[in-house]
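Engineer: For reference, the structure I am asking about is given below.
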Amino acid sequence: KNQVEQSPQSLIILEGKNCTLQCNYTVSPFSNLRWYKQDTGRGPVSLTIMTFSENTKSNGRYTATLDADTKQSSLHITASQLSDSASYICVVSARYGGSQGNLIFGKGTKLSVKP
Amino acid sequence: NAGVMQNPRHLVRRRGQEARLRCSPMKGHSHVYWYRQLPEEGLKFMVYLQKENIIDESGMPKERFSAEFPKEGPSILRIQQVVRGDSAAYFCASSPRGAGGPLNEQFFGPGTRLTVL
């Protein structure tokens, strides 16, 4: 069964600190992995998209890594800001023809950044 | 570009009533996707539509739920005879290209929060 598991479920850090969020998946055949940020009451916003051949991708203070062999990804946030408080969702796309691309969503990690 | 628009943002219905959720995709996008998010759960795919066509409705309950994306106007997700279990956030996303592409980028709307009393 295609699944995406994220850890931790929630995380509280102090402003300025770094943190790393984890994502393990069992989706096969794999197409790509995305990290989304979802602010409370808003829709998800894409942070990064990585294909099989990409190991790391950065977007400002966000750096995502992908190990396709172990089927693990991480999202590292550097020098956290209060505005980073949100849910971070790992989404894996299965490679099937047509259809909706079979995006499988994790439940997300809820990050709270405190002053 | 105003982004994906959804309305209403909040909708309250009593059991047995109908709920209509609207989604206007980003300008130039002809592919629309509907997702449902229960509290503390991840988003779950419901239906994928192109203009005037349903491409994949494998995630949508076969009874009471229907979706359309007419040639003109927004996409509509319709829930008939709502029950308490339908209470959730419903998100719409749009993309400029079809879902079969490997890097199909979906842009999400702000969601409609449906509460069934």
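Here, A, B, ... name the chains of the structure tokens in the order displayed, residue numbers run from 1 inside each chain, and ligands are numbered from 1 in the same displayed order.
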Counting only C-alpha atoms, which residues from chain B have an atom at most 6 Å from any atom of chain A, and could you show them as a VMD selection string?

Structural biologist: chain B and resid 41 to 43 48 56 99 to 100 108 to 110

Engineer: Please write the residues from the selection above to a file, keeping N, CA, C and O atoms, as a CSV table (one decimal), in the first residue's frame.

Structural biologist:
chain,number,residue,atom,x,y,z
B,41,GLU,N,-5.8,14.9,9.7
B,41,GLU,CA,-5.5,14.0,8.7
B,41,GLU,C,-4.9,14.7,7.5
B,41,GLU,O,-4.9,15.9,7.3
B,42,GLY,N,-4.2,13.9,6.6
B,42,GLY,CA,-3.7,14.4,5.4
B,42,GLY,C,-4.8,14.7,4.3
B,42,GLY,O,-5.9,14.2,4.5
B,43,LEU,N,-4.4,15.4,3.3
B,43,LEU,CA,-5.4,15.6,2.2
B,43,LEU,C,-5.6,14.3,1.4
B,43,LEU,O,-4.7,13.5,1.2
B,48,TYR,N,-10.5,14.6,-10.3
B,48,TYR,CA,-9.7,15.3,-11.2
B,48,TYR,C,-10.5,15.6,-12.4
B,48,TYR,O,-11.1,14.7,-13.0
B,56,ASP,N,-10.7,11.5,-13.5
B,56,ASP,CA,-10.5,10.5,-12.5
B,56,ASP,C,-11.4,10.9,-11.3
B,56,ASP,O,-11.1,11.9,-10.7
B,99,ALA,N,-2.3,15.8,-15.3
B,99,ALA,CA,-1.7,15.2,-14.2
B,99,ALA,C,-0.7,14.1,-14.5
B,99,ALA,O,0.1,13.7,-13.7
B,100,GLY,N,-0.6,13.7,-15.8
B,100,GLY,CA,0.3,12.6,-16.1
B,100,GLY,C,1.7,13.1,-16.2
B,100,GLY,O,2.6,12.3,-16.2
B,108,PHE,N,-2.8,25.3,-4.9
B,108,PHE,CA,-4.0,25.1,-4.1
B,108,PHE,C,-4.7,26.4,-3.7
B,108,PHE,O,-4.1,27.5,-3.6
B,109,GLY,N,-6.0,26.3,-3.6
B,109,GLY,CA,-6.9,27.4,-3.1
B,109,GLY,C,-6.9,27.4,-1.6
B,109,GLY,O,-6.3,26.5,-1.0
B,110,PRO,N,-7.6,28.3,-1.0
B,110,PRO,CA,-7.6,28.5,0.5
B,110,PRO,C,-8.5,27.5,1.2
B,110,PRO,O,-8.4,27.3,2.4

Engineer: List as a count of residues only the protein and nucleic acid residues near B:Leu77, meaning an atom at most 7 Å away when only C-alpha atoms are counted, but skip any in the same chain fewer than 4 places from it.

Structural biologist: 6

Engineer: Return the single residue from B:Lys51, B:Met5, B:Arg97, B:Arg36 that is closest to B:Lys71, with distances computed using only C-alpha atoms.

Structural biologist: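 Closest to B:Lys71, using only C-alpha atoms: B:Lys51.
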
Engineer: Excluding B:Ser58 and residues on its chain fewer than 2 positions from it, collect all residues at most 7 Å away from it, counting only C-alpha atoms, and give them as an MDAnalysis selection string.

Structural biologist: chainID B and resid 46:47 56 60

Engineer: Those residues you just picked out, can you put them in a file as a PDB file, in the first residue's frame with N, CA, C and O atoms?

Structural biologist:
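This is the output file out.pdb:
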ATOM      1  N   MET B  46      -9.971  13.445  -4.273  1.00  0.00           N
ATOM      2  CA  MET B  46     -11.363  13.087  -4.563  1.00  0.00           C
ATOM      3  C   MET B  46     -11.598  12.927  -6.065  1.00  0.00           C
ATOM      4  O   MET B  46     -12.012  11.876  -6.529  1.00  0.00           O
ATOM      5  N   VAL B  47     -11.305  14.003  -6.819  1.00  0.00           N
ATOM      6  CA  VAL B  47     -11.667  13.983  -8.239  1.00  0.00           C
ATOM      7  C   VAL B  47     -10.768  14.918  -9.016  1.00  0.00           C
ATOM      8  O   VAL B  47     -10.290  15.926  -8.477  1.00  0.00           O
ATOM      9  N   ASP B  56     -10.718  11.549 -13.516  1.00  0.00           N
ATOM     10  CA  ASP B  56     -10.516  10.518 -12.497  1.00  0.00           C
ATOM     11  C   ASP B  56     -11.366  10.876 -11.289  1.00  0.00           C
ATOM     12  O   ASP B  56     -11.141  11.920 -10.691  1.00  0.00           O
ATOM     13  N   MET B  60     -13.748   9.835  -5.010  1.00  0.00           N
ATOM     14  CA  MET B  60     -15.007  10.476  -4.624  1.00  0.00           C
ATOM     15  C   MET B  60     -16.051   9.417  -4.296  1.00  0.00           C
ATOM     16  O   MET B  60     -16.242   8.477  -5.078  1.00  0.00           O
TER      17      MET B  60
END

Engineer: Do a neighbour search on B:Cys23 at 12 Å with only C-alpha atoms, toss out local chain neighbours closer than 5 positions, and write the hits as a compact mmCIF listing (two decimals) with N, CA and C atoms, in the first residue's frame.

Structural biologist:
# COMPACT_ATOMS: atom_id res chain seq x y z
N GLY B 3 -4.58 33.73 -8.34
CA GLY B 3 -4.44 32.44 -7.69
C GLY B 3 -5.75 31.67 -7.74
N VAL B 4 -5.76 30.49 -7.13
CA VAL B 4 -6.95 29.67 -7.10
C VAL B 4 -7.92 30.25 -6.07
N MET B 5 -9.15 30.44 -6.51
CA MET B 5 -10.16 31.03 -5.62
C MET B 5 -11.20 29.98 -5.27
N GLN B 6 -11.58 29.97 -4.00
CA GLN B 6 -12.63 29.08 -3.57
C GLN B 6 -13.66 29.86 -2.77
N ASN B 7 -14.91 29.52 -2.98
CA ASN B 7 -15.96 30.13 -2.15
C ASN B 7 -17.14 29.18 -2.00
N PRO B 8 -17.82 29.28 -0.86
CA PRO B 8 -17.46 30.16 0.23
C PRO B 8 -16.27 29.63 1.02
N ARG B 9 -15.70 30.43 1.87
CA ARG B 9 -14.60 29.96 2.70
C ARG B 9 -15.12 29.10 3.85
N HIS B 29 -5.21 27.85 -16.39
CA HIS B 29 -5.22 26.45 -15.94
C HIS B 29 -6.54 25.79 -16.33
N SER B 30 -6.42 24.62 -16.96
CA SER B 30 -7.63 23.93 -17.36
C SER B 30 -7.82 22.59 -16.64
N HIS B 31 -6.96 22.35 -15.63
CA HIS B 31 -7.05 21.10 -14.87
C HIS B 31 -7.35 21.44 -13.42
N VAL B 32 -8.34 20.78 -12.87
CA VAL B 32 -8.78 21.06 -11.50
C VAL B 32 -8.86 19.76 -10.70
N TYR B 33 -8.45 19.85 -9.45
CA TYR B 33 -8.45 18.69 -8.54
C TYR B 33 -9.15 19.09 -7.26
N TRP B 34 -9.93 18.18 -6.71
CA TRP B 34 -10.57 18.41 -5.42
C TRP B 34 -10.01 17.42 -4.40
N TYR B 35 -9.74 17.95 -3.19
CA TYR B 35 -9.22 17.15 -2.09
C TYR B 35 -10.07 17.41 -0.85
N LEU B 49 -10.61 16.91 -12.80
CA LEU B 49 -11.43 17.30 -13.94
C LEU B 49 -10.64 18.18 -14.89
N ALA B 67 -19.19 16.23 -9.14
CA ALA B 67 -18.33 17.36 -9.49
C ALA B 67 -18.48 17.67 -10.95
N GLU B 68 -18.30 18.94 -11.27
CA GLU B 68 -18.35 19.35 -12.67
C GLU B 68 -17.39 20.50 -12.89
N PHE B 69 -16.97 20.67 -14.11
CA PHE B 69 -16.10 21.78 -14.50
C PHE B 69 -16.59 22.21 -15.88
N PRO B 70 -17.58 23.10 -15.92
CA PRO B 70 -18.19 23.46 -17.20
C PRO B 70 -17.25 24.29 -18.06
N GLY B 73 -17.21 29.20 -16.37
CA GLY B 73 -17.51 29.26 -14.95
C GLY B 73 -16.64 28.35 -14.11
N PRO B 74 -16.87 28.39 -12.79
CA PRO B 74 -16.01 27.65 -11.88
C PRO B 74 -16.32 26.16 -11.86
N SER B 75 -15.42 25.40 -11.25
CA SER B 75 -15.70 24.00 -10.97
C SER B 75 -16.58 23.94 -9.73
N ILE B 76 -17.51 23.01 -9.70
CA ILE B 76 -18.43 22.87 -8.57
C ILE B 76 -18.29 21.46 -7.99
N LEU B 77 -18.14 21.40 -6.68
CA LEU B 77 -18.24 20.13 -5.95
C LEU B 77 -19.56 20.19 -5.19
N ARG B 78 -20.42 19.22 -5.46
CA ARG B 78 -21.76 19.22 -4.90
C ARG B 78 -21.93 18.01 -3.99
N TYR B 90 -12.39 21.31 2.33
CA TYR B 90 -12.33 20.85 0.94
C TYR B 90 -11.43 21.81 0.16
N PHE B 91 -10.36 21.26 -0.39
CA PHE B 91 -9.40 22.08 -1.13
C PHE B 91 -9.49 21.78 -2.61
N CYS B 92 -9.33 22.83 -3.36
CA CYS B 92 -9.27 22.73 -4.81
C CYS B 92 -7.85 23.11 -5.24
N ALA B 93 -7.34 22.44 -6.25
CA ALA B 93 -6.04 22.81 -6.82
C ALA B 93 -6.19 22.87 -8.33
N SER B 94 -5.33 23.63 -8.97
CA SER B 94 -5.37 23.68 -10.43
C SER B 94 -3.95 23.57 -10.97
N PHE B 107 -1.47 24.08 -7.79
CA PHE B 107 -1.58 25.27 -6.95
C PHE B 107 -2.91 25.19 -6.21
N PHE B 108 -2.84 25.33 -4.90
CA PHE B 108 -4.02 25.10 -4.07
C PHE B 108 -4.75 26.40 -3.73
N GLY B 109 -6.05 26.27 -3.61
CA GLY B 109 -6.86 27.36 -3.11
C GLY B 109 -6.87 27.36 -1.59
N PRO B 110 -7.56 28.34 -0.98
CA PRO B 110 -7.57 28.48 0.48
C PRO B 110 -8.49 27.48 1.17
N GLY B 111 -9.32 26.79 0.40
CA GLY B 111 -10.20 25.78 0.99
C GLY B 111 -11.56 26.32 1.40
N THR B 112 -12.51 25.41 1.48
CA THR B 112 -13.84 25.69 2.04
C THR B 112 -14.03 24.76 3.23

Engineer: From the DSSP assignment of the backbone, select every residue of stretch 8-106 of chain A that is strand (DSSP E or B), and format the answer as a ChimeraX atom specification.

Structural biologist: /A:10-14,19-25,30-38,45-51,56-59,62-67,72-77,86-94,103-105

Engineer: Find the distance between atom CA of B:Gln80 and atom CA of B:Ser95 and write it in Å to one decimal.

Structural biologist: 27.2 Å

Engineer: Find, counting only C-alpha atoms, the residue in B:Ser24, B:Gln37, B:Asn53, B:Gln106 that gets nearest to B:Gly85.

Structural biologist: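 Of B:Ser24, B:Gln37, B:Asn53, B:Gln106, the one nearest B:Gly85, counting only C-alpha atoms, is B:Gln37.
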
Engineer: Hey, what's within 6 Å of stretch 67-73 of chain A if we count only C-alpha atoms and toss same-chain stuff fewer than 3 positions away? As a PDB file with N, CA and C atoms, in the first residue's frame, please?

Structural biologist:
ATOM      1  N   CYS A  23      10.411  12.437   6.487  1.00  0.00           N
ATOM      2  CA  CYS A  23       9.345  11.839   5.681  1.00  0.00           C
ATOM      3  C   CYS A  23       9.835  10.497   5.159  1.00  0.00           C
ATOM      4  N   ASN A  24       9.092   9.440   5.456  1.00  0.00           N
ATOM      5  CA  ASN A  24       9.377   8.110   4.919  1.00  0.00           C
ATOM      6  C   ASN A  24       8.204   7.684   4.041  1.00  0.00           C
ATOM      7  N   TYR A  25       8.516   7.062   2.926  1.00  0.00           N
ATOM      8  CA  TYR A  25       7.422   6.697   2.030  1.00  0.00           C
ATOM      9  C   TYR A  25       7.604   5.278   1.518  1.00  0.00           C
TER      10      TYR A  25
END

Engineer: From the set A:Val27, A:Cys19, A:Leu75, A:Leu82, which residue has the shortest atom-to-atom contact distance to A:Thr48, counting only C-alpha atoms?

Structural biologist: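 Looking only at the distances to A:Thr48, the closest residue turns out to be A:Leu75.
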